[in-house]
file my_file.pdb (PDB, C-alpha atoms and all ligand atoms)
MODEL        1
ATOM      1  CA  MET A   1      53.156 -80.572  18.860  1.00  0.00           C
ATOM      2  CA  LYS A   2      52.577 -78.596  22.040  1.00  0.00           C
ATOM      3  CA  THR A   3      52.539 -79.958  25.565  1.00  0.00           C
ATOM      4  CA  TYR A   4      50.683 -78.568  28.570  1.00  0.00           C
ATOM      5  CA  GLU A   5      50.546 -79.829  32.135  1.00  0.00           C
ATOM      6  CA  LEU A   6      47.397 -78.572  33.821  1.00  0.00           C
ATOM      7  CA  ARG A   7      45.278 -78.878  36.883  1.00  0.00           C
ATOM      8  CA  LEU A   8      41.553 -79.084  36.442  1.00  0.00           C
ATOM      9  CA  ASP A   9      41.079 -75.431  37.405  1.00  0.00           C
ATOM     10  CA  ALA A  10      43.412 -74.339  34.585  1.00  0.00           C
ATOM     11  CA  LEU A  11      41.872 -76.487  31.878  1.00  0.00           C
ATOM     12  CA  HIS A  12      39.815 -73.562  30.596  1.00  0.00           C
ATOM     13  CA  THR A  13      43.011 -71.762  29.493  1.00  0.00           C
ATOM     14  CA  LEU A  14      43.931 -74.608  27.155  1.00  0.00           C
ATOM     15  CA  VAL A  15      40.391 -74.816  25.808  1.00  0.00           C
ATOM     16  CA  GLU A  16      40.357 -71.067  25.110  1.00  0.00           C
ATOM     17  CA  LYS A  17      43.597 -71.398  23.173  1.00  0.00           C
ATOM     18  CA  ILE A  18      42.370 -74.370  21.159  1.00  0.00           C
ATOM     19  CA  LEU A  19      38.988 -72.899  20.279  1.00  0.00           C
ATOM     20  CA  LYS A  20      40.586 -69.680  19.062  1.00  0.00           C
ATOM     21  CA  GLU A  21      42.442 -71.588  16.378  1.00  0.00           C
ATOM     22  CA  PHE A  22      40.402 -74.688  15.738  1.00  0.00           C
ATOM     23  CA  LYS A  23      36.808 -73.954  14.821  1.00  0.00           C
ATOM     24  CA  ASN A  24      35.922 -76.703  12.428  1.00  0.00           C
ATOM     25  CA  GLY A  25      36.980 -80.321  12.157  1.00  0.00           C
ATOM     26  CA  VAL A  26      37.631 -83.387  14.265  1.00  0.00           C
ATOM     27  CA  VAL A  27      39.233 -83.410  17.713  1.00  0.00           C
ATOM     28  CA  ILE A  28      40.565 -86.867  18.536  1.00  0.00           C
ATOM     29  CA  LEU A  29      40.942 -87.555  22.254  1.00  0.00           C
ATOM     30  CA  LYS A  30      43.386 -90.250  23.242  1.00  0.00           C
ATOM     31  CA  GLY A  31      44.333 -91.532  26.660  1.00  0.00           C
ATOM     32  CA  ASP A  32      43.679 -94.234  29.230  1.00  0.00           C
ATOM     33  CA  LEU A  33      40.447 -94.780  31.126  1.00  0.00           C
ATOM     34  CA  ALA A  34      39.587 -91.796  33.310  1.00  0.00           C
ATOM     35  CA  CYS A  35      42.432 -89.610  32.058  1.00  0.00           C
ATOM     36  CA  GLY A  36      40.067 -86.712  31.421  1.00  0.00           C
ATOM     37  CA  LYS A  37      38.751 -86.965  27.866  1.00  0.00           C
ATOM     38  CA  THR A  38      35.117 -86.246  28.681  1.00  0.00           C
ATOM     39  CA  THR A  39      36.140 -83.476  31.070  1.00  0.00           C
ATOM     40  CA  LEU A  40      37.914 -81.733  28.218  1.00  0.00           C
ATOM     41  CA  VAL A  41      34.893 -82.066  25.928  1.00  0.00           C
ATOM     42  CA  LYS A  42      32.728 -80.683  28.730  1.00  0.00           C
ATOM     43  CA  GLU A  43      34.861 -77.539  28.963  1.00  0.00           C
ATOM     44  CA  MET A  44      34.888 -77.171  25.167  1.00  0.00           C
ATOM     45  CA  VAL A  45      31.110 -77.423  24.951  1.00  0.00           C
ATOM     46  CA  LYS A  46      30.725 -74.949  27.810  1.00  0.00           C
ATOM     47  CA  GLN A  47      32.989 -72.397  26.133  1.00  0.00           C
ATOM     48  CA  LEU A  48      31.154 -72.884  22.868  1.00  0.00           C
ATOM     49  CA  GLY A  49      28.153 -71.546  24.710  1.00  0.00           C
ATOM     50  CA  CYS A  50      26.186 -74.708  25.100  1.00  0.00           C
ATOM     51  CA  SER A  51      24.776 -75.674  28.467  1.00  0.00           C
ATOM     52  CA  ASP A  52      23.971 -79.280  27.632  1.00  0.00           C
ATOM     53  CA  ASP A  53      25.054 -82.016  29.981  1.00  0.00           C
ATOM     54  CA  VAL A  54      28.137 -83.685  28.524  1.00  0.00           C
ATOM     55  CA  THR A  55      28.673 -87.376  29.212  1.00  0.00           C
ATOM     56  CA  SER A  56      30.522 -90.067  27.286  1.00  0.00           C
ATOM     57  CA  PRO A  57      28.188 -91.253  24.540  1.00  0.00           C
ATOM     58  CA  THR A  58      28.594 -94.834  25.643  1.00  0.00           C
ATOM     59  CA  PHE A  59      25.394 -96.249  24.228  1.00  0.00           C
ATOM     60  CA  SER A  60      24.598 -93.884  21.434  1.00  0.00           C
ATOM     61  CA  LEU A  61      27.166 -93.471  18.708  1.00  0.00           C
ATOM     62  CA  GLN A  62      26.764 -89.753  18.487  1.00  0.00           C
ATOM     63  CA  GLN A  63      25.673 -87.031  20.853  1.00  0.00           C
ATOM     64  CA  CYS A  64      24.737 -83.612  19.488  1.00  0.00           C
ATOM     65  CA  TYR A  65      24.939 -80.555  21.705  1.00  0.00           C
ATOM     66  CA  SER A  66      23.963 -78.184  18.909  1.00  0.00           C
ATOM     67  CA  ASP A  67      23.770 -78.486  15.144  1.00  0.00           C
ATOM     68  CA  LYS A  68      27.541 -77.806  15.114  1.00  0.00           C
ATOM     69  CA  ILE A  69      28.874 -79.677  18.151  1.00  0.00           C
ATOM     70  CA  PHE A  70      29.112 -83.463  18.140  1.00  0.00           C
ATOM     71  CA  HIS A  71      30.544 -86.019  20.548  1.00  0.00           C
ATOM     72  CA  TYR A  72      31.446 -89.661  19.877  1.00  0.00           C
ATOM     73  CA  ASP A  73      33.039 -92.482  21.840  1.00  0.00           C
ATOM     74  CA  ILE A  74      34.572 -95.350  19.901  1.00  0.00           C
ATOM     75  CA  TYR A  75      35.571 -97.430  22.946  1.00  0.00           C
ATOM     76  CA  ASN A  76      32.597 -99.791  23.090  1.00  0.00           C
ATOM     77  CA  HIS A  77      31.929-100.551  19.475  1.00  0.00           C
ATOM     78  CA  GLY A  78      35.327-100.141  17.863  1.00  0.00           C
ATOM     79  CA  LEU A  79      36.421 -98.182  14.837  1.00  0.00           C
ATOM     80  CA  ASP A  80      35.246-100.685  12.210  1.00  0.00           C
ATOM     81  CA  HIS A  81      31.709-100.636  13.555  1.00  0.00           C
ATOM     82  CA  PHE A  82      31.790 -96.845  13.748  1.00  0.00           C
ATOM     83  CA  ILE A  83      32.864 -96.630  10.110  1.00  0.00           C
ATOM     84  CA  SER A  84      30.446 -99.292   8.899  1.00  0.00           C
ATOM     85  CA  LEU A  85      27.580 -97.223  10.268  1.00  0.00           C
ATOM     86  CA  GLY A  86      28.590 -94.327   8.065  1.00  0.00           C
ATOM     87  CA  MET A  87      30.037 -92.155  10.781  1.00  0.00           C
ATOM     88  CA  LEU A  88      32.872 -90.871   8.609  1.00  0.00           C
ATOM     89  CA  GLU A  89      30.295 -88.932   6.676  1.00  0.00           C
ATOM     90  CA  GLU A  90      29.144 -87.390   9.959  1.00  0.00           C
ATOM     91  CA  LEU A  91      32.681 -86.315  10.810  1.00  0.00           C
ATOM     92  CA  ASP A  92      32.863 -84.436   7.533  1.00  0.00           C
ATOM     93  CA  LYS A  93      29.899 -82.238   8.459  1.00  0.00           C
ATOM     94  CA  GLU A  94      30.518 -78.630   9.353  1.00  0.00           C
ATOM     95  CA  GLY A  95      31.186 -78.102  13.039  1.00  0.00           C
ATOM     96  CA  LEU A  96      33.355 -79.492  15.798  1.00  0.00           C
ATOM     97  CA  HIS A  97      33.457 -83.248  16.323  1.00  0.00           C
ATOM     98  CA  PHE A  98      34.957 -84.682  19.517  1.00  0.00           C
ATOM     99  CA  VAL A  99      35.947 -88.335  19.286  1.00  0.00           C
ATOM    100  CA  GLU A 100      36.946 -90.162  22.471  1.00  0.00           C
ATOM    101  CA  TRP A 101      39.192 -93.148  21.892  1.00  0.00           C
ATOM    102  CA  GLY A 102      40.077 -92.188  18.351  1.00  0.00           C
ATOM    103  CA  ASN A 103      43.249 -93.908  17.174  1.00  0.00           C
ATOM    104  CA  GLU A 104      45.964 -93.636  14.578  1.00  0.00           C
ATOM    105  CA  GLU A 105      43.899 -95.547  12.044  1.00  0.00           C
ATOM    106  CA  LEU A 106      41.150 -92.947  12.311  1.00  0.00           C
ATOM    107  CA  GLU A 107      43.735 -90.166  12.065  1.00  0.00           C
ATOM    108  CA  ASN A 108      45.024 -91.658   8.819  1.00  0.00           C
ATOM    109  CA  ILE A 109      41.543 -92.033   7.379  1.00  0.00           C
ATOM    110  CA  LEU A 110      40.670 -88.433   8.225  1.00  0.00           C
ATOM    111  CA  SER A 111      43.932 -87.245   6.772  1.00  0.00           C
ATOM    112  CA  SER A 112      43.241 -89.076   3.480  1.00  0.00           C
ATOM    113  CA  ALA A 113      39.798 -87.501   3.424  1.00  0.00           C
ATOM    114  CA  ALA A 114      41.404 -84.066   3.990  1.00  0.00           C
ATOM    115  CA  ILE A 115      39.397 -83.533   7.152  1.00  0.00           C
ATOM    116  CA  ASP A 116      41.085 -81.098   9.499  1.00  0.00           C
ATOM    117  CA  THR A 117      42.111 -82.991  12.633  1.00  0.00           C
ATOM    118  CA  LEU A 118      43.441 -82.024  16.030  1.00  0.00           C
ATOM    119  CA  THR A 119      44.764 -84.840  18.184  1.00  0.00           C
ATOM    120  CA  ILE A 120      44.953 -84.439  21.949  1.00  0.00           C
ATOM    121  CA  GLU A 121      46.745 -87.079  23.965  1.00  0.00           C
ATOM    122  CA  ILE A 122      46.009 -86.951  27.666  1.00  0.00           C
ATOM    123  CA  GLU A 123      48.085 -88.559  30.371  1.00  0.00           C
ATOM    124  CA  LYS A 124      47.595 -88.613  34.104  1.00  0.00           C
ATOM    125  CA  THR A 125      50.810 -87.126  35.471  1.00  0.00           C
ATOM    126  CA  SER A 126      49.681 -86.889  39.105  1.00  0.00           C
ATOM    127  CA  ASP A 127      46.428 -87.069  41.049  1.00  0.00           C
ATOM    128  CA  ASN A 128      45.826 -83.403  40.371  1.00  0.00           C
ATOM    129  CA  THR A 129      47.345 -82.839  36.952  1.00  0.00           C
ATOM    130  CA  ARG A 130      47.099 -84.100  33.420  1.00  0.00           C
ATOM    131  CA  THR A 131      49.484 -83.651  30.525  1.00  0.00           C
ATOM    132  CA  TYR A 132      47.909 -82.670  27.212  1.00  0.00           C
ATOM    133  CA  LYS A 133      49.834 -83.178  24.006  1.00  0.00           C
ATOM    134  CA  VAL A 134      48.155 -81.256  21.224  1.00  0.00           C
ATOM    135  CA  ARG A 135      48.953 -81.966  17.597  1.00  0.00           C
ATOM    136  CA  HIS A 136      47.353 -80.350  14.563  1.00  0.00           C
ATOM    137  CA  ALA A 137      47.521 -82.354  11.354  1.00  0.00           C
ATOM    138  CA  HIS A 138      47.115 -79.998   8.439  1.00  0.00           C
ATOM    139  CA  PRO A 139      45.210 -81.609   5.609  1.00  0.00           C
TER     140      PRO A 139
HETATM  141  N1  LIG B   1      43.369 -81.610  34.211  1.00  0.00           N
HETATM  142  C1  LIG B   1      42.896 -82.375  35.182  1.00  0.00           C
HETATM  143  N2  LIG B   1      43.468 -82.377  36.392  1.00  0.00           N
HETATM  144  C2  LIG B   1      43.028 -83.165  37.386  1.00  0.00           C
HETATM  145  N3  LIG B   1      41.983 -84.016  37.278  1.00  0.00           N
HETATM  146  C3  LIG B   1      41.344 -84.072  36.097  1.00  0.00           C
HETATM  147  C4  LIG B   1      41.768 -83.264  34.999  1.00  0.00           C
HETATM  148  N4  LIG B   1      40.960 -83.556  33.947  1.00  0.00           N
HETATM  149  C5  LIG B   1      40.086 -84.482  34.371  1.00  0.00           C
HETATM  150  N5  LIG B   1      40.291 -84.812  35.658  1.00  0.00           N
HETATM  151  C6  LIG B   1      39.551 -85.822  36.466  1.00  0.00           C
HETATM  152  O1  LIG B   1      39.736 -87.123  35.923  1.00  0.00           O
HETATM  153  C7  LIG B   1      38.595 -87.942  36.168  1.00  0.00           C
HETATM  154  C8  LIG B   1      38.165 -88.696  34.937  1.00  0.00           C
HETATM  155  O2  LIG B   1      37.743 -87.785  33.943  1.00  0.00           O
HETATM  156  P1  LIG B   1      36.895 -88.187  32.643  1.00  0.00           P
HETATM  157  O3  LIG B   1      35.656 -88.853  33.010  1.00  0.00           O
HETATM  158  O4  LIG B   1      36.838 -86.924  31.863  1.00  0.00           O
HETATM  159  O5  LIG B   1      37.863 -89.243  31.925  1.00  0.00           O
HETATM  160  P2  LIG B   1      37.672 -90.008  30.539  1.00  0.00           P
HETATM  161  O6  LIG B   1      39.024 -90.049  29.910  1.00  0.00           O
HETATM  162  O7  LIG B   1      36.566 -89.428  29.744  1.00  0.00           O
HETATM  163  O8  LIG B   1      37.268 -91.464  31.008  1.00  0.00           O
HETATM  164  P3  LIG B   1      36.673 -92.684  30.094  1.00  0.00           P
HETATM  165  O9  LIG B   1      37.868 -93.357  29.507  1.00  0.00           O
HETATM  166  O10 LIG B   1      35.978 -93.537  31.104  1.00  0.00           O
HETATM  167  O11 LIG B   1      35.758 -92.105  29.071  1.00  0.00           O
HETATM  168  C9  LIG B   1      37.521 -86.993  36.699  1.00  0.00           C
HETATM  169  O12 LIG B   1      37.431 -87.200  38.099  1.00  0.00           O
HETATM  170  C10 LIG B   1      38.056 -85.610  36.398  1.00  0.00           C
HETATM  171  O13 LIG B   1      37.642 -84.641  37.331  1.00  0.00           O
HETATM  172 MG    MG B   2      34.892 -90.370  28.779  1.00  0.00          MG
ENDMDL
END
call {"tool": "encode", "arguments": {"input": "my_file.pdb", "output": "structure tokens"}}
result
Amino acid sequence: MKTYELRLDALHTLVEKILKEFKNGVVILKGDLACGKTTLVKEMVKQLGCSDDVTSPTFSLQQCYSDKIFHYDIYNHGLDHFISLGMLEELDKEGLHFVEWGNEELENILSSAAIDTLTIEIEKTSDNTRTYKVRHAHP
């Protein structure tokens, strides 16, 4: 696991690093309300060359920014609902899948399905910084 403490204006350096190594699979974003999950996805999508507006997919289950970039938010409906709607199959599709509010249960399921998963835990360490703990689970 690697840890980074970053201000918003340095977030792009972490995203560059991550996208160099992780090009396909699921990125689970953990952390309290307003810790910066969507902000991280926004920077990822931008660096992937997509200019779409990134917002938490609160009402839809899945947001697609291209045929290879997907965004989900489990907060409102819960993991069971997400799974019962067949979303695990979606996560197995080629591309990068960003899941806000993913949890350990989802990590375990993805691991059993041999789906490459990167977990990023974000914590507000001050008004101007966030700590990012990045963990890559090799399938
Ligand atoms: N590295 C950072 N340093 C300082 N502020 C940041 C950083 N990352 C994000 N923020 C700020 O944190 C606030 C909340 O960000 P964001 O909406 O991305 O959180 P979230 O985790 O997606 O929230 P939610 O749980 O509601 O989905 C925003 O004002 C954003 O600018
Ligand atoms: Mg969000």
call {"tool": "residues_near_ligand", "arguments": {"input": "my_file.pdb", "ligand": "ligand LIG 1 (chain B)", "cutoff": "10 Å", "atoms": "all atoms listed in the file", "output": "VMD selection string"}}
result
chain A and resid 4 to 12 14 29 to 43 54 to 58 73 to 75 100 to 101 122 to 132
call {"tool": "resolve_selection", "arguments": {"input": "my_file.pdb", "expression": "the PyMOL selection byres (((chain A and resi 82-98) around 8) and not hetatm)", "output": "VMD selection string"}}
result
chain A and resid 23 to 29 41 61 67 to 72 74 77 to 81 99 to 100 115
call {"tool": "closest_residue", "arguments": {"input": "my_file.pdb", "among": "A:Val15, A:Lys2, A:Thr117, A:Asn76", "to": "Met44 (chain A)", "atoms": "only C-alpha atoms"}}
result
A:Val15
call {"tool": "residues_near_point", "arguments": {"input": "my_file.pdb", "point": "(24.4, -73.9, 20.6)", "cutoff": "7 Å", "atoms": "only C-alpha atoms", "output": "list in words"}}
result
Gly49, Cys50, Tyr65 and Ser66 of chain A
call {"tool": "atom_distance", "arguments": {"input": "my_file.pdb", "atom1": "CA of Ala113 (chain A)", "atom2": "CA of His136 (chain A)"}}
result
15.2 Å
call {"tool": "atom_distance", "arguments": {"input": "my_file.pdb", "atom1": "CA of Thr13 (chain A)", "atom2": "CA of Ile120 (chain A)"}}
result
14.9 Å
call {"tool": "closest_residue", "arguments": {"input": "my_file.pdb", "among": "A:Gly102, A:Leu48, A:Lys17, A:Glu107", "to": "ligand MG 2 (chain B)", "atoms": "only C-alpha atoms and all ligand atoms"}}
result
A:Gly102
call {"tool": "atom_distance", "arguments": {"input": "my_file.pdb", "atom1": "CA of Asp116 (chain A)", "atom2": "CA of Phe22 (chain A)"}}
result
9.0 Å
